[in-house]
There are 4 protein chains.
Amino acid sequence: MSYRLRIGLLGAGRIGTVHATTIAQRIPAAELVAIADPQLQSAQRLAEHLRVPHVTPDAHAILHDPNIDAILICTPTASHPALIAEAAAAGKHIFCEKPVALDLAAHDAAVAAAEAAGVKLQIGFNRRFDANFARMRQAVVAGEIGQVEMLHIISRDPAPPSLDYLRTSGGIFLDMTIHDFDMARFLTGSEIVQVYAQGAVLVDPAIASVSDIDTHVTMLRFANGAIGTIDNSRRAGFGYDQRAELLGSHGAIQTSNNYPNNVVISSHHMVYRDLPLNFFMQRYVDAFANEISAFVHSVREDRPIVVTAADARAALVVALAAQQSHTEQCPISIT
Amino acid sequence: MSYRLRIGLLGAGRIGTVHATTIAQRIPAAELVAIADPQLQSAQRLAEHLRVPHVTPDAHAILHDPNIDAILICTPTASHPALIAEAAAAGKHIFCEKPVALDLAAHDAAVAAAEAAGVKLQIGFNRRFDANFARMRQAVVAGEIGQVEMLHIISRDPAPPSLDYLRTSGGIFLDMTIHDFDMARFLTGSEIVQVYAQGAVLVDPAIASVSDIDTHVTMLRFANGAIGTIDNSRRAGFGYDQRAELLGSHGAIQTSNNYPNNVVISSHHMVYRDLPLNFFMQRYVDAFANEISAFVHSVREDRPIVVTAADARAALVVALAAQQSHTEQCPISIT
Amino acid sequence: MSYRLRIGLLGAGRIGTVHATTIAQRIPAAELVAIADPQLQSAQRLAEHLRVPHVTPDAHAILHDPNIDAILICTPTASHPALIAEAAAAGKHIFCEKPVALDLAAHDAAVAAAEAAGVKLQIGFNRRFDANFARMRQAVVAGEIGQVEMLHIISRDPAPPSLDYLRTSGGIFLDMTIHDFDMARFLTGSEIVQVYAQGAVLVDPAIASVSDIDTHVTMLRFANGAIGTIDNSRRAGFGYDQRAELLGSHGAIQTSNNYPNNVVISSHHMVYRDLPLNFFMQRYVDAFANEISAFVHSVREDRPIVVTAADARAALVVALAAQQSHTEQCPISIT
Amino acid sequence: MSYRLRIGLLGAGRIGTVHATTIAQRIPAAELVAIADPQLQSAQRLAEHLRVPHVTPDAHAILHDPNIDAILICTPTASHPALIAEAAAAGKHIFCEKPVALDLAAHDAAVAAAEAAGVKLQIGFNRRFDANFARMRQAVVAGEIGQVEMLHIISRDPAPPSLDYLRTSGGIFLDMTIHDFDMARFLTGSEIVQVYAQGAVLVDPAIASVSDIDTHVTMLRFANGAIGTIDNSRRAGFGYDQRAELLGSHGAIQTSNNYPNNVVISSHHMVYRDLPLNFFMQRYVDAFANEISAFVHSVREDRPIVVTAADARAALVVALAAQQSHTEQCPISIT
């Protein structure tokens, strides 16, 4: 381990800031050497805080910098395919936030470019690296509950994002549920063969005005016969609600939320504790470190990528089917 | 309170035995004075154990006994409508196990007979009287979580019943899920307007041979816009899995299972506790006492019945729709 | 099982009412046939409620009633020795509330009388029959945690009793902690060889005026080398705080309190649940039934008593030593 | 924030490695510029791993390096006083591991030197910075439980350290319990005025051979009248057992251990989860970061030190009294 992987970041928004901080503070095997964002001022503040030497409004400057080994793509989804293609052509390894694209053609073209260039491409399904979900998967693999028969995923944000964000997000299934579709495949180890989505606007009527929904339950049927559900809401209110449970032929697994502390107070009126961690920056801080660390080690040690473009494609296919199911109000098979 | 309500029991099987024991040991305001069951020997053993003076193979003897105030119908479902009608004609108040009937015409005829006779008729949805579910409902009514938006019910038996039982049970939706349909209406306070059921035989292939399934998830849409799911399995393995959770506009409610004790042991390999209560005779022992007590008090004090025939009819309508959804593989609206 | 054990109750106060209700409603193998209490009116109300045929102000009438098989002594402690002796002389089996006496001479005389008469004598250490503590003991016996090394008992009432009660209670160590001294012996299976008590009046200064304390921690040393503590307060405020934990050479055991339900509500400000069960009538309802059932079966089947006078004596010895330690402010060895 | 605090580390053993890693990875406001340890090779490995430029066997080289702002003293306890004095004379701010010294004279001399030099001196009571204990203290300060009346601290290591370590550790009260004495003062906000210690060798007889014990319960009396206990064992077996609870006049507070994940698995035999975090490097990773961060900010912003030499002295006084109590087998007052 004589060198640190030199990483350039494209996009210094919410998730870009999370990854930049992770690399600066928790990944000794890598260093963040450049940040590109058209919003130059906020990128400069971030760079100063984390002692990143280069800042630029121009992604291309980073993509063609010979001193950079790998690129983190944290820009809006629509720009992902072109940036992947350009980074691949420049011989950079790529970590790209989910989803790769909002349609399959764009996804496939981008991935083909990365494959042709022989660069590594990891997708940001960070929850696989969370201690709770990783332990659930380990229990399934180790046979602790036998054959998986049922799955429930509860995945709720504390509050809805801005309408501006929602306008270009691709809709709840591609923006939010895509994490849960990946989780469903990850936990069960089985492919989703049918979806049926029931959605609603219950949180904020304005969300309907941008043609999106804020609440849904989507039922899943898996290739192995198992049945599952994903429950999404844009407003849990009490914090970030991220849980799952599995029933198997020999037992069951359940996770609960993560809390800032374990203190329980008994007053004369009730027994109470503090709210769970509020959002992904708190809940998944270790998961983000684990996923970037996995990427860095895959690149440095030339080992297979853990979360692949094929995983991202599978989740995208299900998300598009769920969207169709919601529109057509009927179950959709996935072939 | 100068007298005890004199009750006659029809059917000394599993649930009849539960109710008989409850009355003998936990309901000072009532006394069990007679038991009818064609299986005379087991009825006699039960009567002896509980000091019940009369035992007969003939239900009619009890239905026309002038010393009896009220009847508990715990016979196979198919016999419920006729027994309700006969008890009503004899002027007896009636507690009948769920479901009243396997079709709406029979249900309506039986209920009409009870109404015409002016006798009280309570249906055995015991779970409404469970401390956990009652507290959940109380929280909703008290506004502790605002408007209900999502519901999940997990309801799993420890092991499947015999094929003999399944053959005449009416199928999982009418036999098992009907409790959960009632619970869904009870917890949300809203009617179910659409169902979609995904079922499977995952536990025991023999269950398919009696035209039933052993596993399903049914998605519910409520009149108030809320979305819910019911998850049923005939085999939880670790015990009786009876939980629910609600998401509301201002918070969420969750229950866990009941355990025989609270002892947690930390060994050098894991932290563990004993399995949850195994089945309904353990889990709902207090709920059964509460429901019979409610019936006894409704009759003695001439107050309205808490769980009505209309509740039973609403659950039956949903169960039939779920069955149809499973058969036709599509969502079914309930009008 | 051709007959029911006929029981007479002496003392229809708080604990007498608990036992009377238990026998009437939960012990089919026994029947309560008479109640004696100088406070005739409240005894009559209790008898009417439970359909007990005889009520008398005079304990002797019951002690010499040839139709009575066994006596429950629930009178003030000072009267226990004489009543035990009289009941024994009359050939009645005896269940006596703890403590048997406030000094060893009186204890020994009473027990000698029972032994001489050949009647059974069980002492009311009900907590041994609680599901949590029984499971802890079972874990120790089964070797689930190896050799016991440390013990902590938390035992707190929700609120102090009346000063009238405290005046004749014998002091906190004999009235309240004596349950915990028994529990310490029961859980560890080892005798207490030294005590050191630190007490205080923190709850209500009036308690000092009756020469008692309301708060203490007492340290225990066991014959097997283990060390333990008992923590008592007359005011937990949030309910009845009844917990224990053990450390052993191969693991640890912990119990928590019992709650009226398992419902957890997440509001936008905190995650909360209802308070634990408030006091012994709620928390130990099953334990009381189990202890009376054990007594009834020991008598009817002529089997050894489960909680003996020797157990009561051992706890009394420790309680007196703790009292002395508190007074003299130093550790007291028990030989 | 134009510069990073330059820190030199003395002692690259277990705790020195923890602090070095913390500074390198979690404290952007500081940088570790030099490590001194007579065991040069392991210091070099650590320096290489963390990219620390200077390594030396000689503490004096660091103490007199003009490029160094602050010193972390992580050497054996016996060397603390002289190193504090030397660092103070050189004008370095000081973070010193607990205890400052094994006797009061040495403690006082070292602290006087730091005060005379006007440098800051923080002591390593890291647990005050743990999320659970910090939240407990906050609840007390905020009045969530009223006046503190009782305290219990459970503090157990997973396994005993080596006999070599124990030989120079100063004994369990100064080495291990000193953390708990500080915690007792911190949580209650009251001084300890009396101690009584019951100790034993239950884990490993060899520990007696180095004149130490491995198990004790120490009872505390506080100036405000509260009573408390500290329970220490060198072997919890299942992991690092770090809990506390408080009873107050208006409620109670309880913490549980920290676990690597929240996954609960229900098998057909038991319900289980993984063991708690194994030792201080896992359990207190955030607490260590918080305490170093607090030190760095106190120095850089010239603000008061959060955990002072006076805190360390108070804990030392109690530890010495506990040791005396254990030897003399009686309560010891602290004036």
# chains A, B, ... in the order shown; residues from 1 in each chain; ligands from 1

$ select_by_dssp --residues "region 16-76 of chain A" --states "helix (DSSP H, G or I)" --output "list in words"
Gly16, Thr17, Val18, His19, Ala20, Thr21, Thr22, Ile23, Ala24, Gln25, Arg26, Leu40, Gln41, Ser42, Ala43, Gln44, Arg45, Leu46, Ala47, Glu48, His49, Leu50, Ala59, His60, Ala61, Ile62 and Leu63 of chain A

$ residues_around --residues "Phe222 (chain C)" --least-positions-apart "6" --cutoff "12 Å" --atoms "only C-alpha atoms" --output "list in words"
Val148, Glu149, Met150, Leu151, Phe181, Ala184, Arg185, Phe186, Leu187, Thr188, Gly189, Ser190, Glu191, Ile192, Val193, Gln194, Val195, Gly228, Thr229, Val318, Ser333, Ile334 and Thr335 of chain C; Gln198 and Ala200 of chain D

$ closest_residue --among "C:Gly143, C:Leu277, C:Gly237, C:Cys96" --to "Ala82 (chain C)" --atoms "only C-alpha atoms"
C:Cys96

$ interface_residues --of "chain D" --to "chain A" --cutoff "6 Å" --atoms "only C-alpha atoms" --output "list in words"
Gln25, Arg26, Ala131, Asn132, Gly251, Ala252, Ile253, Gln254, Thr255, Ser256, Asn261, Asn262, Val263, Val264, Ile265, Ser266 and Ser267 of chain D

$ atom_distance --atom1 "CA of Ile172 (chain C)" --atom2 "CA of His326 (chain C)"
11.1 Å
